[in-house]
Structures are given as C-alpha cells and as structure tokens.
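Undergrad: Contents of protein.cif (mmCIF, C-alpha atoms) are below:
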data_run
loop_
_atom_site.group_PDB
_atom_site.id
_atom_site.type_symbol
_atom_site.label_atom_id
_atom_site.label_comp_id
_atom_site.auth_asym_id
_atom_site.auth_seq_id
_atom_site.Cartn_x
_atom_site.Cartn_y
_atom_site.Cartn_z
ATOM 1 C CA MET A 1415 101.531 92.345 88.544
ATOM 2 C CA SER A 1416 103.970 93.993 90.932
ATOM 3 C CA ILE A 1417 102.852 97.306 92.392
ATOM 4 C CA ALA A 1418 105.811 97.734 94.756
ATOM 5 C CA SER A 1419 107.073 100.651 92.690
ATOM 6 C CA SER A 1420 103.682 102.272 92.073
ATOM 7 C CA ALA A 1421 102.285 102.329 95.614
ATOM 8 C CA VAL A 1422 103.194 102.232 99.295
ATOM 9 C CA LEU A 1423 101.302 101.247 102.423
ATOM 10 C CA VAL A 1424 100.296 104.022 104.783
ATOM 11 C CA GLU A 1425 98.840 103.570 108.257
ATOM 12 C CA LEU A 1426 97.184 106.440 110.111
ATOM 13 C CA ASN A 1427 96.369 106.327 113.797
ATOM 14 C CA ILE A 1428 94.844 109.336 115.567
ATOM 15 C CA SER A 1429 93.781 109.093 119.187
ATOM 16 C CA VAL A 1430 91.625 111.556 121.123
ATOM 17 C CA TRP A 1431 90.678 111.474 124.797
ATOM 18 C CA THR A 1432 86.965 110.692 125.095
ATOM 19 C CA ALA A 1433 86.536 112.663 128.360
ATOM 20 C CA ASN A 1434 83.590 110.425 129.249
ATOM 21 C CA LYS A 1435 83.041 108.562 132.488
ATOM 22 C CA ILE A 1436 80.212 106.434 133.833
ATOM 23 C CA ASP A 1437 78.743 107.794 137.063
ATOM 24 C CA ARG A 1438 77.696 104.662 138.923
ATOM 25 C CA GLY A 1439 75.988 106.580 141.721
ATOM 26 C CA ALA A 1440 73.865 108.591 139.285
ATOM 27 C CA THR A 1441 73.191 105.395 137.324
ATOM 28 C CA ASP A 1442 71.896 103.626 140.443
ATOM 29 C CA GLU A 1443 69.752 106.663 141.201
ATOM 30 C CA VAL A 1444 68.170 106.507 137.731
ATOM 31 C CA HIS A 1445 67.411 102.813 138.209
ATOM 32 C CA THR A 1446 65.807 103.488 141.582
ATOM 33 C CA THR A 1447 63.829 106.523 140.436
ATOM 34 C CA HIS A 1448 62.360 104.715 137.442
ATOM 35 C CA GLY A 1449 62.053 101.273 139.001
ATOM 36 C CA ALA A 1450 64.355 99.902 136.333
ATOM 37 C CA ALA A 1451 66.417 96.745 136.579
ATOM 38 C CA SER A 1452 70.159 97.017 136.954
ATOM 39 C CA GLY A 1453 71.833 97.493 133.582
ATOM 40 C CA SER A 1454 68.810 99.205 132.024
ATOM 41 C CA ALA A 1455 70.561 102.560 131.824
ATOM 42 C CA ARG A 1456 73.920 104.241 132.264
ATOM 43 C CA VAL A 1457 74.758 107.814 133.111
ATOM 44 C CA HIS A 1458 77.776 108.969 131.113
ATOM 45 C CA LYS A 1459 79.357 112.188 132.277
ATOM 46 C CA ASN A 1460 80.925 114.613 129.827
ATOM 47 C CA LEU A 1461 83.986 115.666 131.797
ATOM 48 C CA MET A 1462 84.480 118.637 129.502
ATOM 49 C CA ALA A 1463 80.951 120.041 129.884
ATOM 50 C CA GLY A 1464 80.772 123.721 128.989
ATOM 51 C CA THR A 1465 83.482 123.694 126.323
ATOM 52 C CA ASN A 1466 83.901 122.443 122.747
ATOM 53 C CA LYS A 1467 87.704 122.417 122.770
ATOM 54 C CA ARG A 1468 88.010 118.645 123.126
ATOM 55 C CA LYS A 1469 85.162 118.029 120.675
ATOM 56 C CA ALA A 1470 86.878 120.308 118.171
ATOM 57 C CA ILE A 1471 89.905 118.013 118.296
ATOM 58 C CA ALA A 1472 87.722 114.916 117.851
ATOM 59 C CA ASP A 1473 85.878 116.506 114.917
ATOM 60 C CA PHE A 1474 89.149 117.521 113.291
ATOM 61 C CA ALA A 1475 90.532 114.008 113.755
ATOM 62 C CA ALA A 1476 87.441 112.644 111.989
ATOM 63 C CA LYS A 1477 88.059 115.086 109.138
ATOM 64 C CA ILE A 1478 91.649 113.851 108.799
ATOM 65 C CA ARG A 1479 90.538 110.214 108.772
ATOM 66 C CA GLN A 1480 88.000 111.021 106.058
ATOM 67 C CA TYR A 1481 90.667 112.729 103.958
ATOM 68 C CA HIS A 1482 92.932 109.709 104.468
ATOM 69 C CA LEU A 1483 90.336 107.465 102.809
ATOM 70 C CA THR A 1484 90.048 109.555 99.647
ATOM 71 C CA PRO A 1485 93.473 109.114 97.975
ATOM 72 C CA THR A 1486 94.038 105.584 99.324
ATOM 73 C CA LEU A 1487 92.696 102.076 98.770
ATOM 74 C CA PRO A 1488 91.892 99.377 101.343
ATOM 75 C CA TRP A 1489 94.562 96.774 102.024
ATOM 76 C CA SER A 1490 93.870 95.180 105.405
ATOM 77 C CA ASP A 1491 91.059 95.412 107.936
ATOM 78 C CA LYS A 1492 91.460 98.638 109.926
ATOM 79 C CA GLY A 1493 95.147 98.690 109.077
ATOM 80 C CA PRO A 1494 97.425 100.026 106.334
ATOM 81 C CA ARG A 1495 95.931 101.360 103.118
ATOM 82 C CA VAL A 1496 97.459 101.581 99.655
ATOM 83 C CA LEU A 1497 98.711 105.003 98.616
ATOM 84 C CA PRO A 1498 99.734 105.439 94.959
ATOM 85 C CA THR A 1499 103.225 106.913 94.689
ATOM 86 C CA SER A 1500 101.860 109.463 92.229
ATOM 87 C CA SER A 1501 99.804 110.897 95.104
ATOM 88 C CA PHE A 1502 102.523 110.572 97.743
ATOM 89 C CA MET A 1503 103.815 114.154 97.781
ATOM 90 C CA ASP A 1504 100.361 115.765 97.816
ATOM 91 C CA TYR A 1505 99.208 113.348 100.500
ATOM 92 C CA LYS A 1506 102.305 113.899 102.646
ATOM 93 C CA GLN A 1507 102.070 117.693 102.356
ATOM 94 C CA SER A 1508 98.381 117.640 103.270
ATOM 95 C CA MET A 1509 99.064 115.370 106.239
ATOM 96 C CA ASN A 1510 101.850 117.654 107.430
ATOM 97 C CA VAL A 1511 99.366 120.534 107.504
ATOM 98 C CA TYR A 1512 96.738 118.390 109.205
ATOM 99 C CA ARG A 1513 99.258 117.226 111.812
ATOM 100 C CA SER A 1514 100.355 120.778 112.554
ATOM 101 C CA ASN A 1515 96.762 121.949 112.992
ATOM 102 C CA TYR A 1516 95.882 118.897 115.083
ATOM 103 C CA GLU A 1517 98.826 119.497 117.390
ATOM 104 C CA GLY A 1518 97.873 123.168 117.655
ATOM 105 C CA LEU A 1519 94.355 122.264 118.776
ATOM 106 C CA CYS A 1520 95.770 119.793 121.287
ATOM 107 C CA GLN A 1521 98.234 122.320 122.700
ATOM 108 C CA ASN A 1522 95.474 124.860 123.123
ATOM 109 C CA PHE A 1523 93.464 122.240 125.015
ATOM 110 C CA PHE A 1524 96.446 121.350 127.224
ATOM 111 C CA ASP A 1525 97.176 125.006 127.979
ATOM 112 C CA ASN A 1526 93.604 125.512 129.176
ATOM 113 C CA TYR A 1527 93.080 122.152 130.878
ATOM 114 C CA SER A 1528 92.896 123.500 134.439
ATOM 115 C CA SER A 1529 90.465 126.274 133.555
ATOM 116 C CA LEU A 1530 88.336 123.821 131.559
ATOM 117 C CA ILE A 1531 88.006 121.647 134.651
ATOM 118 C CA ASP A 1532 86.783 124.694 136.584
ATOM 119 C CA LEU A 1533 84.319 125.411 133.796
ATOM 120 C CA ALA A 1534 83.076 121.813 133.884
ATOM 121 C CA LYS A 1535 82.562 122.098 137.640
ATOM 122 C CA HIS A 1536 80.253 125.057 137.017
ATOM 123 C CA HIS A 1537 78.207 123.128 134.430
ATOM 124 C CA MET A 1538 78.057 119.669 136.015
ATOM 125 C CA GLY A 1539 76.659 120.532 139.410
ATOM 126 C CA SER A 1540 76.601 117.544 141.777
ATOM 127 C CA LEU A 1541 77.879 115.259 139.019
ATOM 128 C CA PHE A 1542 81.289 116.925 139.235
ATOM 129 C CA ASP A 1543 84.009 114.872 140.875
ATOM 130 C CA PRO A 1544 87.603 116.185 140.796
ATOM 131 C CA ASN A 1545 88.882 112.605 141.009
ATOM 132 C CA ASP A 1546 87.512 111.974 137.507
ATOM 133 C CA TYR A 1547 90.189 114.173 135.969
ATOM 134 C CA PRO A 1548 93.598 112.629 135.193
ATOM 135 C CA PRO A 1549 96.765 114.701 135.619
ATOM 136 C CA LEU A 1550 97.641 116.753 132.563
ATOM 137 C CA GLU A 1551 100.536 114.493 131.574
ATOM 138 C CA ASN A 1552 98.195 111.496 131.548
ATOM 139 C CA VAL A 1553 95.706 113.409 129.425
ATOM 140 C CA LYS A 1554 98.426 114.311 126.932
ATOM 141 C CA SER A 1555 99.200 110.614 126.446
ATOM 142 C CA LYS A 1556 95.614 110.032 125.324
ATOM 143 C CA PHE A 1557 96.092 112.204 122.238
ATOM 144 C CA GLY A 1558 98.255 111.100 119.355
ATOM 145 C CA PHE A 1559 98.916 111.416 115.645
ATOM 146 C CA ASN A 1560 100.932 108.625 114.042
ATOM 147 C CA LEU A 1561 101.560 108.207 110.329
ATOM 148 C CA VAL A 1562 103.688 105.328 109.057
ATOM 149 C CA PHE A 1563 104.727 104.565 105.480
ATOM 150 C CA THR A 1564 106.010 101.114 104.522
ATOM 151 C CA PRO A 1565 106.823 99.492 101.193
ATOM 152 C CA ILE A 1566 104.497 96.853 99.839
ATOM 153 C CA PRO A 1567 106.351 93.554 100.346
ATOM 154 C CA GLU A 1568 106.581 91.035 97.529
ATOM 155 C CA SER A 1569 106.571 87.285 97.961
ATOM 156 C CA GLY A 1570 110.238 87.089 97.022
ATOM 157 C CA ASP A 1571 111.135 89.212 100.028
ATOM 158 C CA PHE A 1572 110.852 86.300 102.497
ATOM 159 C CA ARG A 1573 114.155 85.887 104.324
ATOM 160 C CA LEU A 1574 113.387 83.611 107.244
ATOM 161 C CA ASP A 1575 115.535 81.071 109.063
ATOM 162 C CA ILE A 1576 113.157 78.200 108.380
ATOM 163 C CA PRO A 1577 113.322 75.157 106.102
ATOM 164 C CA ALA A 1578 113.178 75.925 102.390
ATOM 165 C CA GLU A 1579 109.963 73.936 101.975
ATOM 166 C CA ASP A 1580 108.181 75.955 104.664
ATOM 167 C CA GLN A 1581 109.577 79.180 103.289
ATOM 168 C CA ALA A 1582 108.230 78.328 99.844
ATOM 169 C CA ALA A 1583 104.831 77.537 101.359
ATOM 170 C CA LEU A 1584 104.780 80.897 103.139
ATOM 171 C CA ALA A 1585 105.735 82.673 99.932
ATOM 172 C CA THR A 1586 102.904 80.941 98.080
ATOM 173 C CA GLN A 1587 100.469 81.761 100.870
ATOM 174 C CA TYR A 1588 101.538 85.388 100.823
ATOM 175 C CA GLU A 1589 101.269 85.545 97.023
ATOM 176 C CA GLU A 1590 97.683 84.287 97.192
ATOM 177 C CA SER A 1591 96.849 86.739 99.975
ATOM 178 C CA PHE A 1592 98.559 89.549 98.073
ATOM 179 C CA ASN A 1593 96.560 88.893 94.914
ATOM 180 C CA THR A 1594 93.302 88.764 96.886
ATOM 181 C CA ARG A 1595 94.074 92.023 98.649
ATOM 182 C CA LEU A 1596 95.054 93.695 95.394
ATOM 183 C CA ALA A 1597 91.842 92.555 93.717
ATOM 184 C CA ASP A 1598 89.811 93.810 96.684
ATOM 185 C CA ALA A 1599 91.679 97.111 96.634
ATOM 186 C CA MET A 1600 90.954 97.596 92.948
ATOM 187 C CA ARG A 1601 87.246 97.094 93.548
ATOM 188 C CA GLU A 1602 87.287 100.374 95.458
ATOM 189 C CA PRO A 1603 87.815 102.739 92.474
ATOM 190 C CA TRP A 1604 85.244 100.787 90.473
ATOM 191 C CA ASN A 1605 82.770 101.075 93.335
ATOM 192 C CA ARG A 1606 83.395 104.805 93.723
ATOM 193 C CA LEU A 1607 82.836 105.350 90.008
ATOM 194 C CA HIS A 1608 79.706 103.200 89.915
ATOM 195 C CA THR A 1609 78.216 104.980 92.927
ATOM 196 C CA MET A 1610 78.917 108.369 91.371
ATOM 197 C CA LEU A 1611 77.347 107.419 88.035
ATOM 198 C CA SER A 1612 74.315 105.786 89.658
ATOM 199 C CA ASP A 1613 73.657 108.814 91.849
ATOM 200 C CA MET A 1614 73.954 111.147 88.860
ATOM 201 C CA SER A 1615 71.562 109.038 86.802
ATOM 202 C CA LYS A 1616 68.962 109.022 89.590
ATOM 203 C CA LYS A 1617 69.133 112.773 90.042
ATOM 204 C CA LEU A 1618 68.666 113.343 86.320
ATOM 205 C CA VAL A 1619 65.403 111.404 86.109
ATOM 206 C CA GLU A 1620 62.609 113.691 84.812
ATOM 207 C CA ASP A 1621 58.856 113.457 84.611
ATOM 208 C CA GLU A 1622 56.868 113.590 81.376
ATOM 209 C CA GLU A 1623 56.977 117.390 81.366
ATOM 210 C CA GLY A 1624 60.747 117.485 81.526
ATOM 211 C CA THR A 1625 60.942 118.538 85.171
ATOM 212 C CA PRO A 1626 63.477 116.798 87.422
ATOM 213 C CA THR A 1627 61.690 114.513 89.861
ATOM 214 C CA GLN A 1628 64.048 115.936 92.457
ATOM 215 C CA LYS A 1629 63.693 119.671 92.928
ATOM 216 C CA ARG A 1630 66.078 121.789 90.883
ATOM 217 C CA THR A 1631 67.368 123.316 94.098
ATOM 218 C CA ARG A 1632 68.886 119.903 94.829
ATOM 219 C CA PHE A 1633 71.347 120.434 91.995
ATOM 220 C CA HIS A 1634 74.327 121.970 93.762
ATOM 221 C CA ASP A 1635 77.762 122.820 92.419
ATOM 222 C CA THR A 1636 78.965 119.454 93.715
ATOM 223 C CA PHE A 1637 76.857 117.730 91.060
ATOM 224 C CA VAL A 1638 79.534 118.912 88.622
ATOM 225 C CA THR A 1639 82.621 119.222 90.817
ATOM 226 C CA ASN A 1640 82.332 115.835 92.543
ATOM 227 C CA PRO A 1641 82.556 113.740 89.353
ATOM 228 C CA GLN A 1642 85.329 116.006 88.064
ATOM 229 C CA ASN A 1643 87.278 115.504 91.285
ATOM 230 C CA LEU A 1644 86.654 111.769 91.203
ATOM 231 C CA CYS A 1645 88.028 111.562 87.672
ATOM 232 C CA SER A 1646 91.198 113.263 88.866
ATOM 233 C CA ILE A 1647 91.548 110.921 91.849
ATOM 234 C CA LEU A 1648 90.968 107.801 89.746
ATOM 235 C CA THR A 1649 94.000 108.589 87.583
ATOM 236 C CA HIS A 1650 96.076 107.892 90.703
ATOM 237 C CA LEU A 1651 94.029 105.052 92.211
ATOM 238 C CA ASN A 1652 94.325 102.925 89.075
ATOM 239 C CA ILE A 1653 97.595 101.427 90.330
ATOM 240 C CA THR A 1654 97.266 98.307 88.145
ATOM 241 C CA LYS A 1655 96.722 100.406 85.013
ATOM 242 C CA ASP A 1656 93.394 98.684 84.367
ATOM 243 C CA PRO A 1657 92.466 99.799 80.822
ATOM 244 C CA LYS A 1658 88.737 99.275 81.419
ATOM 245 C CA LEU A 1659 88.780 101.459 84.520
ATOM 246 C CA GLU A 1660 90.648 104.160 82.618
ATOM 247 C CA GLU A 1661 88.142 103.909 79.756
ATOM 248 C CA ALA A 1662 85.217 104.336 82.149
ATOM 249 C CA ARG A 1663 86.947 107.163 83.986
ATOM 250 C CA ARG A 1664 87.748 108.939 80.738
ATOM 251 C CA ALA A 1665 84.140 108.543 79.544
ATOM 252 C CA LEU A 1666 82.865 110.355 82.637
ATOM 253 C CA GLU A 1667 85.565 112.988 82.307
ATOM 254 C CA ILE A 1668 84.521 113.706 78.718
ATOM 255 C CA THR A 1669 80.861 113.775 79.749
ATOM 256 C CA MET A 1670 81.561 116.524 82.261
ATOM 257 C CA LEU A 1671 83.577 118.697 79.878
ATOM 258 C CA SER A 1672 82.024 122.132 79.365
ATOM 259 C CA ILE A 1673 79.159 121.263 81.728
ATOM 260 C CA ASP A 1674 78.261 123.844 84.368
ATOM 261 C CA ILE A 1675 75.688 123.704 87.115
ATOM 262 C CA ASP A 1676 73.546 126.495 85.643
ATOM 263 C CA SER A 1677 73.013 124.580 82.403
ATOM 264 C CA ILE A 1678 72.146 121.477 84.424
ATOM 265 C CA LYS A 1679 69.538 123.429 86.391
ATOM 266 C CA GLU A 1680 67.987 125.300 83.468
ATOM 267 C CA SER A 1681 68.271 123.112 80.387
ATOM 268 C CA GLN A 1682 66.244 119.964 79.895
ATOM 269 C CA ALA A 1683 68.317 119.182 76.811
ATOM 270 C CA VAL A 1684 71.571 119.336 78.791
ATOM 271 C CA ARG A 1685 70.166 117.160 81.559
ATOM 272 C CA SER A 1686 68.891 114.644 79.033
ATOM 273 C CA ALA A 1687 72.223 114.542 77.202
ATOM 274 C CA VAL A 1688 74.210 114.063 80.403
ATOM 275 C CA LYS A 1689 71.876 111.318 81.604
ATOM 276 C CA SER A 1690 72.151 109.476 78.293
ATOM 277 C CA LYS A 1691 75.942 109.538 78.486
ATOM 278 C CA VAL A 1692 75.986 108.511 82.143
ATOM 279 C CA ASP A 1693 73.577 105.635 81.507
ATOM 280 C CA ALA A 1694 75.659 104.526 78.548
ATOM 281 C CA ILE A 1695 78.722 104.240 80.788
ATOM 282 C CA LEU A 1696 76.731 102.253 83.341
ATOM 283 C CA GLU A 1697 75.494 99.875 80.663
ATOM 284 C CA LYS A 1698 78.842 99.395 78.944
ATOM 285 C CA PHE A 1699 80.929 98.055 81.809
ATOM 286 C CA ASP A 1700 80.683 94.955 83.964
ATOM 287 C CA TRP A 1701 80.407 96.456 87.420
#
Mind turning the file's structure into structure tokens?
TA:
Amino acid sequence: MSIASSAVLVELNISVWTANKIDRGATDEVHTTHGAASGSARVHKNLMAGTNKRKAIADFAAKIRQYHLTPTLPWSDKGPRVLPTSSFMDYKQSMNVYRSNYEGLCQNFFDNYSSLIDLAKHHMGSLFDPNDYPPLENVKSKFGFNLVFTPIPESGDFRLDIPAEDQAALATQYEESFNTRLADAMREPWNRLHTMLSDMSKKLVEDEEGTPTQKRTRFHDTFVTNPQNLCSILTHLNITKDPKLEEARRALEITMLSIDIDSIKESQAVRSAVKSKVDAILEKFDW
C-alpha cells in the first residue's frame, strides 16, 4: 500500500550548548584527596552557574522533541519520522510557534552572555576560568533548530545510472525495507492504544468493597482527557487505514463518551462499567 500521498517524512534537529566542561585540575585534586585511582571521578563544571537561562532553552528543546513524537510515527533510527498529511498544517503551525519561542529564548541568552559569565564567576569561585568560555559567535553556532520535510520515496522512484539488473535489485531491497518500516511504524499506534487501555484497566481495579485499590485522589482529569486525546490523534496516525485499529480506536472513543472525572471518582457503577468496556477491547484484539 502506497502512503506517499497520505504522509511525509519530517526530521527535527535541535541543538543546545551544554555549557559543561571537565576541570582536570579539580578532578586530580579529588583523586588525591580521597586516595582514588585515576578515572574514578570527574569534576564537571557548569559554566553557566547562577543562571537558568541556558537550562530553560534545553528544557524547552526537550518539550519540542516530546511534542514532535506525538503526531508522528517512527521511520528510521534517530532520523526522520512519518507525519500524516492530515496533521501537517497543525504540526507546521505548532512548530512555527515553537521555533519562534526557541529563538527568542536563545536571543535573550545571547544578549546576556557577557553578564552571565560575570555571574558564573561569582558563583564558581576558584573553579572559574575565563578561557572556558567561547566567543559569543562560537556559542551561537552551538544552538540550532532545523526542521526538514521530505516526501516518502517509493521503489519506482529509483533513477540511477547503474545496470538495470542492479537497479531492480535495489528497488526490491528498498521495497522490502519500506514494508518493514511501515509495519514497524504502524505498531506505534497499536502500542499507544494498548498502553492506554492497560493503564486504565489497572487503575480501575477495586477491592471487594468497591473501593479503588489506588486512592481516588489518583484519578485526575487526565484519566478522561488522555484517552480522548489519543482517540483524536489515532484518526491521523492510522495512515494505512487499518480497519481493526479504527475499530479499536472507535470502541475507546465510545467508551469515553459522556464520562467525566467526577463520576469516575464517585461512582462504583461507572468505574465498573468503564473497566468492563476497556477490558472487552483488550480481549477482542490481537495486540
């Protein structure tokens, strides 16, 4: 099944300066003080001690990477991921906002770089070494936000100046690799759905008196909103139009209709009914 028209490949690369450096002198001192063999310890200096501006960028980058995983499916190891075309506009708009905010955080860091070095000097004491700090232009090169979209190639796209026999072999090899990658990618939505259902079922287990074995305070709004959001996402991630996946997704969606967190917390009957439906979905499909 061709998915060239229903999905694209997207690759996200975000880089952030670590601002860490090994202090070999301090490391040797630790070894000597504690009678430890060489290599037993390392002293890593935080060159941005006294400020969270760099860490804020790193944390925000992690948030972007986490978002990137939600509407996409795996395609290659640490490389491009599959983005359904039905999610393209929302994804692109969200990434535009993320990029703008990321660049704003970086610019704020760059604008204050000199003063942050002075602040680090105050916090680091004798560990401070001005030679540890690269020029601002070098620091800027250590931050980056790169987003690349490419079409998903099909085996028939091979146009190489090689013998026809070798070209056919490459096309066959690619077709086999393509099918394997597609099958692996489509395990992802199944896995997400199975994990969600399994977690829900475990949380809804009750003792003989009808009290959840996990405290009721553990039932947060996300117990309802997370499966609802997953159902919405799965409508896009089902790029092969797998009828079984859609059936399972729809079953969870129907289960969560008219369910609110208060009824989950307060009503044993509601909890029991939801658990029965969730368990029925788990039992029906070959996960």
Undergrad: Taking the file above as input, evaluate the PyMOL selection byres ((chain A and resi 1464) around 6) and report the hits as a list in words.
TA: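 Those residues are Ala1463, Thr1465 and Ala1534 of chain A.
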Undergrad: Work out how far apart CA of Ile1428 in chain A and CA of Lys1469 in chain A are and give it in Å to one decimal.
TA: 14.0 Å
Undergrad: Can you tell me, as JSON, numbers by chain, what residues are no more than 8 Å from range 1686-1692 of chain A when counting all atoms listed in the file, ignoring any on the same chain fewer than 2 positions away?
TA: {"A": [1611, 1614, 1615, 1618, 1619, 1666, 1669, 1670, 1682, 1683, 1684, 1694, 1695, 1696]}
Undergrad: Write out, as CSV, each residue of range 1511-1612 of chain A that has an atom at most 10 Å from range 1637-1654 of chain A, together with the closest pair of atoms and their distance in Å to one decimal, counting all atoms listed in the file, rows going by chain and rising number.
TA:
residue,atom,partner,partner_atom,distance
A:Leu1596,CA,A:Thr1654,CA,8.9
A:Ala1597,CA,A:Thr1654,CA,9.7
A:Ala1599,CA,A:Leu1651,CA,9.4
A:Met1600,CA,A:Asn1652,CA,7.4
A:Glu1602,CA,A:Leu1651,CA,8.8
A:Pro1603,CA,A:Leu1648,CA,6.6
A:Trp1604,CA,A:Leu1648,CA,9.1
A:Arg1606,CA,A:Leu1644,CA,8.1
A:Leu1607,CA,A:Leu1644,CA,7.6
A:Met1610,CA,A:Pro1641,CA,6.8
A:Leu1611,CA,A:Pro1641,CA,8.3
Undergrad: Would you work out the distance separating CA of Lys1477 in chain A from CA of Ser1514 in chain A, expressed in Å to one decimal?
TA: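 These two atoms are separated by 14.0 Å.
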